[in-house]
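Colleague: Could you have a look at this structure, given as structure tokens, before my questions?
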Amino acid sequence: MIVILDFGSQYTQLIARRVREANVFCEIHPFNYPAAKILASRPTGIILSGGPSSVYDKKAPKPDPKIFDLGVPILGICYGLQVMVTHFGGKVARAPRREYGPAEISVGTENALFLGLDRTLPVWMSHGDHAEELPEGFSIIAKTANAPYAAIHNADRNLYAVQFHPEVHHTPRGKD
């Protein structure tokens, strides 16, 4: 079972559909759903959706910080990446140029997220903010010409995040 925390993304229902197409049960909950309730549902993973906010705004939606201590894998998508970066002490800022449309990621080192996929992949971007500094323990696993942190991870904590949207059909290998 996967728990999807919704930060207001236009694609949250599509994320759930992709998870279900992989024959995995999932539930969508608000971004601030308590960690204790998530733990009680015994998920095998959590997905942090995208959203229209900027994480550095005073009223930006943030998850219960205890979700990062539940010991389950977490995937952040777009805003979800930015939530993860700021939670662990990294820096997110307005990107020099808003990105909306196709991009090509270059996958660096071999990792679980892109296992068995090509080293360059077409993806769909939709963001105005981006990570500028990664928190300690995180490393880059993919980048684009405009997004140096297109995919990151913290292998020790089983945390992964992508700036692009794997759930949309414009990211052809997103399901993989």
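Quick note on naming: the chains in the structure tokens go A, B, ... in the order shown, residues restart at 1 in each chain, and ligands are numbered from 1 in order of appearance.
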At a cut-off of 10 Å, using only C-alpha atoms, what residues contact Glu136 of chain A? Leave out same-chain residues fewer than 4 positions from it and give the result as a PyMOL selection string.
Modeller: chain A and resi 85+88-90+154
Colleague: When you look at segment 162-166 of chain A with a cut-off of 8 Å (counting only C-alpha atoms), what residues show up, excluding the ones that are within fewer than 5 positions of it in the same chain? I need them as a ChimeraX atom specification.
Modeller: /A:75-79,81,123-127,130,147,149-152,171,173-175
Colleague: Tell me which of A:Leu70, A:Ala95, A:Ala16, A:Val55 sits closest to Glu132 of chain A, counting only C-alpha atoms.
Modeller: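 Closest to Glu132 of chain A, using only C-alpha atoms: A:Ala95.
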Colleague: Rounded to one decimal place, report the atom CA of Leu134 of chain A-atom CA of Lys91 of chain A distance in Å.
Modeller: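 Straight-line distance from atom CA of Leu134 of chain A to atom CA of Lys91 of chain A works out to 6.6 Å.
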Colleague: Would you mind telling me which residue in A:Ser41, A:Ser54, A:Ser106, A:Ser49 lies nearest to Pro148 of chain A when using only C-alpha atoms?
Modeller: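 Between A:Ser41, A:Ser54, A:Ser106, A:Ser49, the residue approaching Pro148 of chain A most closely is A:Ser106.
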Colleague: Based on DSSP run over this structure's backbone, return all residues of chain A in strand (DSSP E), as a PyMOL selection string.
Modeller: chain A and resi 2-6+26-30+45-48+74-77+91-107+120-133+139-143+151-154+159-162
Colleague: Run DSSP on the backbone and grab whatever in chain A lands in alpha helix (DSSP H); send it over as a PyMOL selection string.
Modeller: chain A and resi 12-21+35-40+79-87
Colleague: Check the smallest atom-to-atom distance from each of A:Pro73, A:Tyr33, A:Phe114, A:Gly50 to Leu14 of chain A using only C-alpha atoms, then report the winner.
Modeller: A:Gly50
Colleague: So how far away is atom CA of Thr120 of chain A from atom CA of Glu104 of chain A, in Å?
Modeller: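 Calculated distance between atom CA of Glu104 of chain A and atom CA of Thr120 of chain A is 6.5 Å.
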Colleague: One number please: atom CA of Ile38 of chain A to atom CA of Val19 of chain A, in Å, one decimal.
Modeller: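 Taking atom CA of Ile38 of chain A and atom CA of Val19 of chain A, their separation equals 17.2 Å.
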Colleague: Closest to Lys143 of chain A among A:Ile67, A:Ile15, A:Ile28, A:Leu121, using only C-alpha atoms?
Modeller: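 When distances to Lys143 of chain A are compared using only C-alpha atoms, the smallest one comes from A:Leu121.
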Colleague: Which neighbours of Arg42 of chain A fall inside 10 Å, counting only C-alpha atoms, when residues of the same chain fewer than 2 positions from it are skipped, and could you give them as a PyMOL selection string?
Modeller: chain A and resi 1-3+37-40+44-45+70+72
Colleague: Given the choices A:Ile74, A:Ala131, A:Leu117, A:Ala112, which gets closest to Arg94 of chain A if the distance is worked out from only C-alpha atoms?
Modeller: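 Selected residue with least distance to Arg94 of chain A: A:Ala131.
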